[in-house]
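Trainee: Input file: coords-v2.pdb. Contents: PDB, C-alpha atoms.
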ATOM      1  CA  MET A 324     -39.803   4.831 -15.984
ATOM      2  CA  GLY A 325     -38.114   2.362 -13.622
ATOM      3  CA  LYS A 326     -36.184   0.595 -16.389
ATOM      4  CA  MET A 327     -35.268   3.883 -18.022
ATOM      5  CA  MET A 328     -34.057   5.241 -14.672
ATOM      6  CA  LYS A 329     -31.981   2.110 -14.074
ATOM      7  CA  LYS A 330     -30.377   2.424 -17.513
ATOM      8  CA  LEU A 331     -29.602   6.069 -16.798
ATOM      9  CA  ASP A 332     -28.050   5.075 -13.451
ATOM     10  CA  GLU A 333     -25.841   2.515 -15.213
ATOM     11  CA  GLN A 334     -24.734   5.097 -17.782
ATOM     12  CA  ILE A 335     -23.914   7.590 -15.029
ATOM     13  CA  GLN A 336     -21.904   4.970 -13.082
ATOM     14  CA  GLU A 337     -19.982   3.956 -16.206
ATOM     15  CA  LEU A 338     -19.213   7.561 -17.159
ATOM     16  CA  TYR A 339     -18.324   8.465 -13.584
ATOM     17  CA  GLU A 340     -15.770   5.648 -13.444
ATOM     18  CA  GLU A 341     -14.296   6.784 -16.768
ATOM     19  CA  VAL A 342     -14.013  10.370 -15.493
ATOM     20  CA  LYS A 343     -12.346   9.174 -12.285
ATOM     21  CA  ARG A 344      -9.988   7.010 -14.339
ATOM     22  CA  ARG A 345      -9.055  10.039 -16.416
ATOM     23  CA  GLU A 346      -8.448  12.045 -13.227
ATOM     24  CA  LYS A 347      -6.182   9.259 -11.999
ATOM     25  CA  ILE A 348      -4.351   9.174 -15.332
ATOM     26  CA  GLY A 349      -3.764  12.936 -15.006
ATOM     27  CA  ILE A 350      -2.349  12.500 -11.494
ATOM     28  CA  HIS A 351      -0.210   9.576 -12.665
ATOM     29  CA  LEU A 352       1.108  11.481 -15.694
ATOM     30  CA  SER A 353       2.072  14.423 -13.484
ATOM     31  CA  HIS A 354       3.803  12.015 -11.099
ATOM     32  CA  LEU A 355       5.651  10.288 -13.958
ATOM     33  CA  ASP A 356       6.815  13.673 -15.287
ATOM     34  CA  ASP A 357       8.372  14.390 -11.880
ATOM     35  CA  VAL A 358       9.877  10.897 -11.701
ATOM     36  CA  VAL A 359      11.465  11.249 -15.157
ATOM     37  CA  VAL A 360      13.144  14.520 -14.135
ATOM     38  CA  VAL A 361      14.522  12.911 -10.966
ATOM     39  CA  LEU A 362      15.653   9.743 -12.779
ATOM     40  CA  ASN A 363      17.418  11.692 -15.527
ATOM     41  CA  GLN A 364      19.304  13.687 -12.901
ATOM     42  CA  GLU A 365      20.150  10.471 -11.069
ATOM     43  CA  LEU A 366      21.267   8.829 -14.315
ATOM     44  CA  LYS A 367      23.705  11.657 -15.042
ATOM     45  CA  GLN A 368      25.217  11.281 -11.589
ATOM     46  CA  LEU A 369      25.447   7.508 -11.938
ATOM     47  CA  GLU A 370      27.169   7.821 -15.315
ATOM     48  CA  ILE A 371      29.705  10.164 -13.759
ATOM     49  CA  GLN A 372      30.208   7.721 -10.883
ATOM     50  CA  LEU A 373      30.682   4.758 -13.206
ATOM     51  CA  ASN A 374      33.579   6.538 -14.884
ATOM     52  CA  LYS A 375      34.609   3.355 -16.684
ATOM     53  CA  GLU A 376      35.267   2.410 -20.256
ATOM     54  CA  ASP A 377      32.146   1.734 -22.310
ATOM     55  CA  GLU A 378      33.498  -1.705 -23.103
ATOM     56  CA  ASP A 379      33.289  -2.750 -19.448
ATOM     57  CA  VAL A 380      29.663  -1.678 -19.221
ATOM     58  CA  LYS A 381      28.772  -3.417 -22.492
ATOM     59  CA  LYS A 382      30.386  -6.630 -21.288
ATOM     60  CA  LEU A 383      28.257  -6.517 -18.145
ATOM     61  CA  GLU A 384      24.941  -5.703 -19.808
ATOM     62  CA  ASN A 385      24.079  -9.272 -20.839
ATOM     63  CA  LEU A 386      25.596 -11.114 -17.886
ATOM     64  CA  ASN A 387      23.573 -12.729 -15.114
ATOM     65  CA  LEU A 388      23.788 -11.637 -11.487
ATOM     66  CA  TYR A 389      26.515 -14.069 -10.476
ATOM     67  CA  SER A 390      28.657 -13.239 -13.528
ATOM     68  CA  ILE A 391      28.324  -9.499 -12.855
ATOM     69  CA  PHE A 392      29.446 -10.002  -9.257
ATOM     70  CA  ASN A 393      32.302 -12.233 -10.375
ATOM     71  CA  PHE A 394      33.404  -9.822 -13.132
ATOM     72  CA  ILE A 395      33.505  -6.781 -10.847
ATOM     73  CA  LEU A 396      34.570  -8.226  -7.501
ATOM     74  CA  GLY A 397      36.951 -10.819  -8.883
ATOM     75  CA  LYS A 398      39.274 -12.658  -6.528
ATOM     76  CA  LYS A 399      39.199 -12.634  -2.727
ATOM     77  CA  GLU A 400      41.777  -9.871  -2.342
ATOM     78  CA  GLN A 401      39.832  -7.669  -4.791
ATOM     79  CA  GLN A 402      36.478  -8.276  -3.106
ATOM     80  CA  LEU A 403      37.451  -6.148  -0.113
ATOM     81  CA  GLU A 404      38.255  -3.123  -2.251
ATOM     82  CA  LYS A 405      35.739  -0.424  -1.406
ATOM     83  CA  GLU A 406      35.871   1.015  -4.930
ATOM     84  CA  ARG A 407      34.889  -2.284  -6.536
ATOM     85  CA  GLN A 408      31.920  -2.733  -4.187
ATOM     86  CA  GLU A 409      30.766   0.830  -4.862
ATOM     87  CA  TYR A 410      31.141   0.350  -8.616
ATOM     88  CA  LEU A 411      29.002  -2.798  -8.442
ATOM     89  CA  GLN A 412      26.245  -0.925  -6.595
ATOM     90  CA  VAL A 413      26.382   2.013  -9.012
ATOM     91  CA  PHE A 414      26.307  -0.288 -12.042
ATOM     92  CA  MET A 415      23.225  -2.148 -10.763
ATOM     93  CA  ARG A 416      21.463   1.149  -9.977
ATOM     94  CA  HIS A 417      22.407   2.524 -13.400
ATOM     95  CA  LYS A 418      21.062  -0.592 -15.128
ATOM     96  CA  ALA A 419      17.780  -0.452 -13.178
ATOM     97  CA  THR A 420      17.392   3.300 -13.787
ATOM     98  CA  VAL A 421      17.847   2.933 -17.552
ATOM     99  CA  GLU A 422      15.292   0.103 -17.629
ATOM    100  CA  ARG A 423      12.817   2.144 -15.591
ATOM    101  CA  LEU A 424      13.185   5.240 -17.784
ATOM    102  CA  VAL A 425      12.479   3.198 -20.917
ATOM    103  CA  ALA A 426       9.383   1.662 -19.290
ATOM    104  CA  ILE A 427       8.128   5.039 -18.056
ATOM    105  CA  GLU A 428       8.504   6.690 -21.470
ATOM    106  CA  GLU A 429       6.445   3.905 -23.056
ATOM    107  CA  GLU A 430       3.821   4.211 -20.311
ATOM    108  CA  ARG A 431       3.664   8.013 -20.655
ATOM    109  CA  GLU A 432       3.000   7.857 -24.391
ATOM    110  CA  MET A 433       0.179   5.372 -23.884
ATOM    111  CA  LEU A 434      -1.366   7.373 -21.014
ATOM    112  CA  LYS A 435      -1.201  10.663 -22.943
ATOM    113  CA  LYS A 436      -3.347   9.128 -25.687
ATOM    114  CA  LEU A 437      -5.846   7.815 -23.139
ATOM    115  CA  TYR A 438      -5.949  11.149 -21.340
ATOM    116  CA  SER A 439      -6.470  13.243 -24.470
ATOM    117  CA  GLY A 440      -9.217  10.874 -25.625
ATOM    118  CA  GLY A 441     -11.329  11.418 -22.492
ATOM    119  CA  PHE A 442     -12.115  15.133 -22.718
ATOM    120  CA  SER A 443     -15.764  14.645 -23.679
ATOM    121  CA  ARG A 444     -16.563  12.242 -20.815
ATOM    122  CA  GLN A 445     -16.816  14.943 -18.141
ATOM    123  CA  ARG A 446     -19.292  16.928 -20.261
ATOM    124  CA  GLN A 447     -21.380  13.801 -20.966
ATOM    125  CA  LEU A 448     -21.441  12.949 -17.273
ATOM    126  CA  MET A 449     -22.646  16.425 -16.289
ATOM    127  CA  GLU A 450     -25.414  16.237 -18.907
ATOM    128  CA  LEU A 451     -26.613  12.870 -17.609
ATOM    129  CA  LEU A 452     -26.529  14.088 -13.998
ATOM    130  CA  LYS A 453     -28.690  17.079 -14.946
ATOM    131  CA  GLN A 454     -31.084  14.738 -16.739
ATOM    132  CA  LYS A 455     -31.217  12.476 -13.698
ATOM    133  CA  GLU A 456     -31.830  15.400 -11.368
ATOM    134  CA  ALA A 457     -34.607  16.773 -13.619
ATOM    135  CA  GLU A 458     -36.380  13.396 -13.696
ATOM    136  CA  LEU A 459     -36.152  12.983  -9.942
ATOM    137  CA  LYS A 460     -37.382  16.503  -9.314
ATOM    138  CA  ALA A 461     -40.302  15.902 -11.644
ATOM    139  CA  GLU A 462     -41.276  12.951  -9.444
ATOM    140  CA  ASN A 463     -40.532  14.560  -6.095
ATOM    141  CA  SER A 464     -38.706  17.872  -5.920
ATOM    142  CA  SER A 465     -37.891  17.512  -2.218
ATOM    143  CA  ILE A 466     -35.621  14.467  -2.597
ATOM    144  CA  GLY A 467     -34.241  14.818  -6.141
ATOM    145  CA  GLU A 468     -31.039  16.694  -5.309
ATOM    146  CA  GLN A 469     -30.357  14.536  -2.235
ATOM    147  CA  LEU A 470     -30.640  11.336  -4.299
ATOM    148  CA  VAL A 471     -28.273  12.697  -6.947
ATOM    149  CA  ASP A 472     -25.730  13.556  -4.209
ATOM    150  CA  ILE A 473     -26.031  10.076  -2.709
ATOM    151  CA  GLU A 474     -25.568   8.394  -6.090
ATOM    152  CA  GLN A 475     -22.510  10.502  -6.820
ATOM    153  CA  ARG A 476     -20.979   9.415  -3.509
ATOM    154  CA  ILE A 477     -21.812   5.767  -4.273
ATOM    155  CA  ALA A 478     -20.212   6.098  -7.711
ATOM    156  CA  SER A 479     -17.129   7.677  -6.120
ATOM    157  CA  HIS A 480     -16.817   4.851  -3.562
ATOM    158  CA  LYS A 481     -17.118   2.204  -6.291
ATOM    159  CA  ALA A 482     -14.488   3.928  -8.441
ATOM    160  CA  LYS A 483     -12.177   4.146  -5.421
ATOM    161  CA  ASN A 484     -12.483   0.418  -4.702
ATOM    162  CA  LYS A 485     -11.768  -0.387  -8.340
ATOM    163  CA  GLU A 486      -8.499   1.551  -8.100
ATOM    164  CA  ILE A 487      -7.561  -0.093  -4.808
ATOM    165  CA  PHE A 488      -8.098  -3.528  -6.374
ATOM    166  CA  GLN A 489      -5.624  -2.521  -9.114
ATOM    167  CA  VAL A 490      -3.038  -1.621  -6.446
ATOM    168  CA  ILE A 491      -3.637  -4.909  -4.626
ATOM    169  CA  SER A 492      -3.188  -6.786  -7.910
ATOM    170  CA  GLU A 493       0.184  -5.079  -8.483
ATOM    171  CA  GLY A 494       1.224  -5.877  -4.918
ATOM    172  CA  LYS A 495       0.405  -9.544  -5.472
ATOM    173  CA  ARG A 496       2.646  -9.546  -8.552
ATOM    174  CA  VAL A 497       5.503  -8.193  -6.408
ATOM    175  CA  LYS A 498       4.885 -10.913  -3.832
ATOM    176  CA  SER A 499       4.884 -13.582  -6.537
ATOM    177  CA  PHE A 500       8.351 -12.606  -7.775
ATOM    178  CA  LEU A 501       9.662 -12.135  -4.237
ATOM    179  CA  GLU A 502       8.497 -15.677  -3.493
ATOM    180  CA  LYS A 503      10.300 -16.997  -6.574
ATOM    181  CA  THR A 504      13.423 -15.124  -5.457
ATOM    182  CA  LEU A 505      13.199 -16.711  -2.007
ATOM    183  CA  ILE A 506      12.999 -20.171  -3.571
ATOM    184  CA  SER A 507      16.038 -19.548  -5.798
ATOM    185  CA  LEU A 508      18.068 -18.009  -2.974
ATOM    186  CA  GLY A 509      17.216 -20.965  -0.783
ATOM    187  CA  LYS A 510      18.694 -23.358  -3.372
ATOM    188  CA  ILE A 511      22.103 -21.677  -3.286
ATOM    189  CA  ASN A 512      24.151 -22.972  -0.373
ATOM    190  CA  GLU A 513      27.525 -21.341  -0.987
ATOM    191  CA  TRP A 514      28.671 -18.731  -3.501
ATOM    192  CA  GLY A 515      32.207 -20.042  -3.351
ATOM    193  CA  ALA A 516      31.598 -23.736  -4.123
ATOM    194  CA  GLN A 517      34.214 -25.045  -6.532
ATOM    195  CA  ASN A 518      33.053 -28.361  -8.052
ATOM    196  CA  ASN A 519      31.703 -28.054 -11.595
ATOM    197  CA  ARG A 520      28.235 -29.459 -10.878
ATOM    198  CA  THR A 521      27.626 -27.057  -7.985
ATOM    199  CA  ILE A 522      28.982 -24.105  -9.963
ATOM    200  CA  GLU A 523      26.648 -24.886 -12.859
ATOM    201  CA  LYS A 524      23.628 -25.201 -10.559
ATOM    202  CA  ARG A 525      24.593 -22.008  -8.721
ATOM    203  CA  ASN A 526      24.980 -20.112 -12.001
ATOM    204  CA  ASN A 527      21.562 -21.291 -13.196
ATOM    205  CA  GLU A 528      19.893 -20.170  -9.965
ATOM    206  CA  ALA A 529      21.805 -16.861 -10.039
ATOM    207  CA  GLY A 530      20.434 -16.276 -13.534
ATOM    208  CA  ARG A 531      16.900 -16.915 -12.270
ATOM    209  CA  ILE A 532      17.462 -14.592  -9.299
ATOM    210  CA  HIS A 533      18.596 -11.831 -11.653
ATOM    211  CA  LYS A 534      15.379 -12.167 -13.679
ATOM    212  CA  HIS A 535      13.203 -12.365 -10.564
ATOM    213  CA  ILE A 536      14.831  -9.296  -8.995
ATOM    214  CA  SER A 537      14.392  -7.317 -12.222
ATOM    215  CA  MET A 538      10.678  -8.176 -12.153
ATOM    216  CA  VAL A 539      10.426  -7.390  -8.427
ATOM    217  CA  ASN A 540      12.001  -3.992  -9.057
ATOM    218  CA  LYS A 541       9.709  -3.316 -12.038
ATOM    219  CA  HIS A 542       6.457  -4.227 -10.267
ATOM    220  CA  LEU A 543       7.565  -2.696  -6.964
ATOM    221  CA  ARG A 544       7.995   0.650  -8.741
ATOM    222  CA  ARG A 545       4.513   0.283 -10.237
ATOM    223  CA  PHE A 546       3.148  -0.629  -6.823
ATOM    224  CA  GLU A 547       4.740   2.502  -5.340
ATOM    225  CA  ASP A 548       3.293   4.619  -8.169
ATOM    226  CA  GLU A 549      -0.179   3.142  -7.696
ATOM    227  CA  LEU A 550      -0.012   3.842  -3.947
ATOM    228  CA  TYR A 551       1.057   7.407  -4.732
ATOM    229  CA  ASP A 552      -1.874   7.807  -7.137
ATOM    230  CA  ILE A 553      -4.590   6.599  -4.760
ATOM    231  CA  SER A 554      -3.056   8.640  -1.934
ATOM    232  CA  HIS A 555      -3.522  11.798  -4.026
ATOM    233  CA  HIS A 556      -6.731  10.779  -5.779
ATOM    234  CA  HIS A 557      -8.710   9.604  -2.759
ATOM    235  CA  GLY A 558      -6.975  11.161   0.237
ATOM    236  CA  LEU A 559      -5.487   7.873   1.455
ATOM    237  CA  ASP A 560      -2.126   8.367   3.132
ATOM    238  CA  PHE A 561       0.252   5.542   2.201
ATOM    239  CA  HIS A 562       3.388   7.706   2.010
ATOM    240  CA  GLN A 563       4.933   6.108   5.086
ATOM    241  CA  GLN A 564       4.342   2.620   3.672
ATOM    242  CA  VAL A 565       5.947   3.632   0.367
ATOM    243  CA  GLU A 566       9.041   4.797   2.249
ATOM    244  CA  THR A 567       9.418   1.373   3.876
ATOM    245  CA  ILE A 568       9.647  -0.427   0.510
ATOM    246  CA  LYS A 569      11.730   2.091  -1.455
ATOM    247  CA  ASP A 570      15.261   1.404  -2.705
ATOM    248  CA  PHE A 571      14.790  -2.378  -2.645
ATOM    249  CA  LEU A 572      17.384  -2.979  -5.377
ATOM    250  CA  ASP A 573      20.081  -0.984  -3.557
ATOM    251  CA  GLN A 574      19.444  -2.912  -0.361
ATOM    252  CA  PHE A 575      19.416  -6.231  -2.200
ATOM    253  CA  VAL A 576      22.756  -5.610  -3.932
ATOM    254  CA  GLU A 577      24.283  -4.474  -0.641
ATOM    255  CA  SER A 578      23.026  -7.631   1.078
ATOM    256  CA  LEU A 579      24.413  -9.810  -1.715
ATOM    257  CA  ILE A 580      27.818  -8.139  -1.432
ATOM    258  CA  THR A 581      27.851  -8.908   2.293
ATOM    259  CA  ASP A 582      26.715 -12.497   1.646
ATOM    260  CA  TRP A 583      29.302 -12.928  -1.112
ATOM    261  CA  ILE A 584      32.303 -11.563   0.774
ATOM    262  CA  ILE A 585      31.627 -12.158   4.461
ATOM    263  CA  ARG A 586      29.190 -14.987   5.039
ATOM    264  CA  GLN A 587      29.712 -17.029   1.877
ATOM    265  CA  LYS A 588      26.060 -17.973   2.353
ATOM    266  CA  ILE A 589      22.854 -16.329   1.211
ATOM    267  CA  GLN A 590      21.518 -15.138   4.548
ATOM    268  CA  ASN A 591      21.201 -11.326   4.543
ATOM    269  CA  SER A 592      19.578 -11.442   1.105
ATOM    270  CA  LEU A 593      17.068 -14.054   2.225
ATOM    271  CA  ASN A 594      16.188 -11.936   5.258
ATOM    272  CA  LEU A 595      15.758  -8.806   3.137
ATOM    273  CA  VAL A 596      13.514 -10.528   0.589
ATOM    274  CA  GLN A 597      11.415 -12.136   3.333
ATOM    275  CA  ASN A 598      11.133  -8.792   5.108
ATOM    276  CA  SER A 599      10.041  -7.091   1.877
ATOM    277  CA  PHE A 600       7.505  -9.864   1.264
ATOM    278  CA  ASP A 601       6.050  -9.269   4.742
ATOM    279  CA  LYS A 602       5.878  -5.488   4.208
ATOM    280  CA  ILE A 603       3.996  -5.907   0.921
ATOM    281  CA  THR A 604       1.629  -8.366   2.628
ATOM    282  CA  LEU A 605       0.941  -5.815   5.377
ATOM    283  CA  ILE A 606       0.211  -3.052   2.846
ATOM    284  CA  ILE A 607      -2.119  -5.358   0.877
ATOM    285  CA  ASN A 608      -3.947  -6.195   4.117
ATOM    286  CA  MET A 609      -4.321  -2.467   4.854
ATOM    287  CA  LEU A 610      -5.689  -1.879   1.341
ATOM    288  CA  THR A 611      -8.085  -4.809   1.719
ATOM    289  CA  TYR A 612      -9.354  -3.291   4.966
ATOM    290  CA  GLU A 613      -9.854   0.028   3.118
ATOM    291  CA  VAL A 614     -11.962  -1.825   0.513
ATOM    292  CA  LYS A 615     -14.056  -3.347   3.311
ATOM    293  CA  LYS A 616     -14.632   0.080   4.899
ATOM    294  CA  THR A 617     -15.608   1.582   1.544
ATOM    295  CA  LYS A 618     -18.081  -1.250   0.904
ATOM    296  CA  GLU A 619     -19.671  -0.426   4.263
ATOM    297  CA  TYR A 620     -19.958   3.233   3.184
ATOM    298  CA  ILE A 621     -21.662   2.102  -0.034
ATOM    299  CA  GLU A 622     -24.114  -0.067   1.927
ATOM    300  CA  GLN A 623     -24.926   2.883   4.189
ATOM    301  CA  GLU A 624     -25.434   5.209   1.211
ATOM    302  CA  GLU A 625     -27.693   2.618  -0.436
ATOM    303  CA  GLN A 626     -29.718   2.375   2.760
ATOM    304  CA  ASP A 627     -30.003   6.189   2.964
ATOM    305  CA  LYS A 628     -31.184   6.217  -0.647
ATOM    306  CA  LYS A 629     -33.880   3.607   0.095
ATOM    307  CA  ASP A 630     -34.993   5.495   3.183
ATOM    308  CA  LEU A 631     -35.366   8.718   1.176
ATOM    309  CA  ILE A 632     -37.448   7.012  -1.521
ATOM    310  CA  LEU A 633     -39.602   5.112   0.998
ATOM    311  CA  GLY A 634     -40.132   8.321   2.941
ATOM    312  CA  ALA A 635     -41.375  10.030  -0.213
ATOM    313  CA  ILE A 636     -43.774   7.162  -0.948
ATOM    314  CA  GLU A 637     -45.213   7.225   2.541
TER     315      GLU A 637
END
In structure tokens, write the structure found in this file.

Mentor:
Amino acid sequence: MGKMMKKLDEQIQELYEEVKRREKIGIHLSHLDDVVVVLNQELKQLEIQLNKEDEDVKKLENLNLYSIFNFILGKKEQQLEKERQEYLQVFMRHKATVERLVAIEEEREMLKKLYSGGFSRQRQLMELLKQKEAELKAENSSIGEQLVDIEQRIASHKAKNKEIFQVISEGKRVKSFLEKTLISLGKINEWGAQNNRTIEKRNNEAGRIHKHISMVNKHLRRFEDELYDISHHHGLDFHQQVETIKDFLDQFVESLITDWIIRQKIQNSLNLVQNSFDKITLIINMLTYEVKKTKEYIEQEEQDKKDLILGAIE
């Protein structure tokens, strides 16, 4: 009976995690639906704001960060034109929004298939829980229901920690690309250097920065989404933390414009990236502490379960 009970427990835990995953997918799909509506509205506004010939946009699409800045801002007297700075910001936002919409649509299609394929799991879980309860009641009717409740709470805690680990993993990816960005920014001494060797090195680093920032933006959005999901799925409030890391790309482009025109050195951008790195680190530490607390809850539930069983034996 012991081995059979253990196997049943493992099946219940596995099914419970699948059901919780499906719940999370449902929350995430609903969130993505809302995000797509907002992004499409934003995209329309950005396209109106761009108000430029298609040829200009096409020319910019395949350029690296430095070339985009150089193309739009041009010479010193043009750099101070408010319209050019605004166009640069709108173009970068438009580019990031298009990329995000494409990624979200792909993610939605994949999640819809996963979600529709999990309908039977809830029913299977309920059947196994009834079986478990019946077996426990047959052994000792006074503790059967209490043990089932405890095991459900344990399963819930374990599923929660699994999700938090996923969020932490995404946060670490953001930190990795922020770190690479810091290294590349640190290698660029002056945007306006004129000798060919320095220009070539600067262009190469600017190209790397562009790639790093695209990846930061991509994983930062996923990190925000994951924080949103666990906030709604497990009652963890990370909304304030999400607000502190939103709109990174806008802030980065604004900092680069200031560095490019005013300082001629990469200082504001370095500060922003370092600050973002520190914020992500703080959130990861908070999530890690949440994992620790949940593990303590699991240990307490396990102890309560043992006490119930030992009490029945005595």

Trainee: Counting only C-alpha atoms, which of A:His557, A:Lys495, A:Lys628, A:Lys330 gets nearest to A:Phe600?

Mentor: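 Checking each of A:His557, A:Lys495, A:Lys628, A:Lys330 against A:Phe600, counting only C-alpha atoms, the winner is A:Lys495.
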
Trainee: Could you list, as a ChimeraX atom specification, every residue matched by the PyMOL selection byres ((chain A and resi 496) around 12) in this structure?

Mentor: /A:489-495,497-503,535,538-546,600,603-604,607

Trainee: Give me the residues near A:Asp356 as a compact mmCIF listing (two decimals) with C-alpha atoms, in the coordinates of the input, where near means some atom within 12 Å (using only C-alpha atoms) and where sequence neighbours in that chain fewer than 4 positions away do not count.

Mentor:
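Result went into selection.txt, see below:
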# COMPACT_ATOMS: atom_id res chain seq x y z
CA GLY A 349 -3.76 12.94 -15.01
CA ILE A 350 -2.35 12.50 -11.49
CA HIS A 351 -0.21 9.58 -12.66
CA LEU A 352 1.11 11.48 -15.69
CA VAL A 360 13.14 14.52 -14.14
CA VAL A 361 14.52 12.91 -10.97
CA LEU A 362 15.65 9.74 -12.78
CA ASN A 363 17.42 11.69 -15.53
CA LEU A 424 13.18 5.24 -17.78
CA ILE A 427 8.13 5.04 -18.06
CA GLU A 428 8.50 6.69 -21.47
CA GLU A 430 3.82 4.21 -20.31
CA ARG A 431 3.66 8.01 -20.66
CA GLU A 432 3.00 7.86 -24.39
CA LEU A 434 -1.37 7.37 -21.01
CA LYS A 435 -1.20 10.66 -22.94

Trainee: Rank A:Ile553, A:Ile466, A:Leu593, A:Ala457 by their smallest atom-to-atom distance to A:Ser507, using only C-alpha atoms, and report the top residue only.

Mentor: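 Looking at the shortest contact to A:Ser507, the residue is A:Leu593.
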
Trainee: I need the output of the PyMOL selection byres ((chain A and resi 415) around 10) for this file as a ChimeraX atom specification; which residues are they?

Mentor: /A:369,383-384,388,391,410-414,416-420,572-573,576

Trainee: Counting all atoms listed in the file, which residues sit no farther than 10 Å from the position (-10.9, -4.2, -3.5) in the file's frame? I'd like them as a list in words.

Mentor: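 Those residues, ordered by chain and then number, are Lys481, Lys483, Asn484, Lys485, Glu486, Ile487, Phe488, Gln489, Val490, Ile491, Ser492, Ile607, Leu610, Thr611, Tyr612, Glu613, Val614, Lys615, Thr617 and Lys618 of chain A.
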
Trainee: Would you translate the PyMOL selection byres ((chain A and resi 339-348) around 8) into the concrete set of residues it matches in this file, as a list in words?

Mentor: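 The output of the PyMOL selection byres ((chain A and resi 339-348) around 8) on this file is Ile335, Gln336, Glu337, Leu338, Gly349, Ile350, His351, Leu352, Leu434, Leu437, Tyr438, Gly441, Arg444, Gln445, Leu448, Ala478, Ser479, Ala482, Asp552, Ile553 and His556 of chain A.
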
Trainee: If the box runs along x, y and z of the file and leaves 8 Å on each side of stretch 468-472 of chain A, what are its centre and edge lengths in Å, one decimal, as JSON?

Mentor:
{"center_x": -28.4, "center_y": 14.0, "center_z": -4.6, "size_x": 21.3, "size_y": 21.4, "size_z": 20.7}

Trainee: So, with all atoms listed in the file as the atoms that count, which of A:Leu331, A:Met609, A:Asn591, A:Ala529 lies closest to A:Asp560?

Mentor: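 Smallest separation from A:Asp560 among the options: A:Met609.
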
Trainee: Might you pull out every residue within 10 Å of A:Phe575, with all atoms listed in the file counted and same-chain residues fewer than 4 positions away left off, and present them as an mmCIF file with C-alpha atoms, in the coordinates of the input?

Mentor:
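Resulting contents of out_14.cif:
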data_model
loop_
_atom_site.group_PDB
_atom_site.id
_atom_site.type_symbol
_atom_site.label_atom_id
_atom_site.label_comp_id
_atom_site.auth_asym_id
_atom_site.auth_seq_id
_atom_site.Cartn_x
_atom_site.Cartn_y
_atom_site.Cartn_z
ATOM 1 C CA GLN A 412 26.245 -0.925 -6.595
ATOM 2 C CA ILE A 536 14.831 -9.296 -8.995
ATOM 3 C CA ASP A 570 15.261 1.404 -2.705
ATOM 4 C CA PHE A 571 14.790 -2.378 -2.645
ATOM 5 C CA LEU A 579 24.413 -9.810 -1.715
ATOM 6 C CA ILE A 580 27.818 -8.139 -1.432
ATOM 7 C CA THR A 581 27.851 -8.908 2.293
ATOM 8 C CA ASN A 591 21.201 -11.326 4.543
ATOM 9 C CA SER A 592 19.578 -11.442 1.105
ATOM 10 C CA LEU A 593 17.068 -14.054 2.225
ATOM 11 C CA ASN A 594 16.188 -11.936 5.258
ATOM 12 C CA LEU A 595 15.758 -8.806 3.137
ATOM 13 C CA VAL A 596 13.514 -10.528 0.589
#
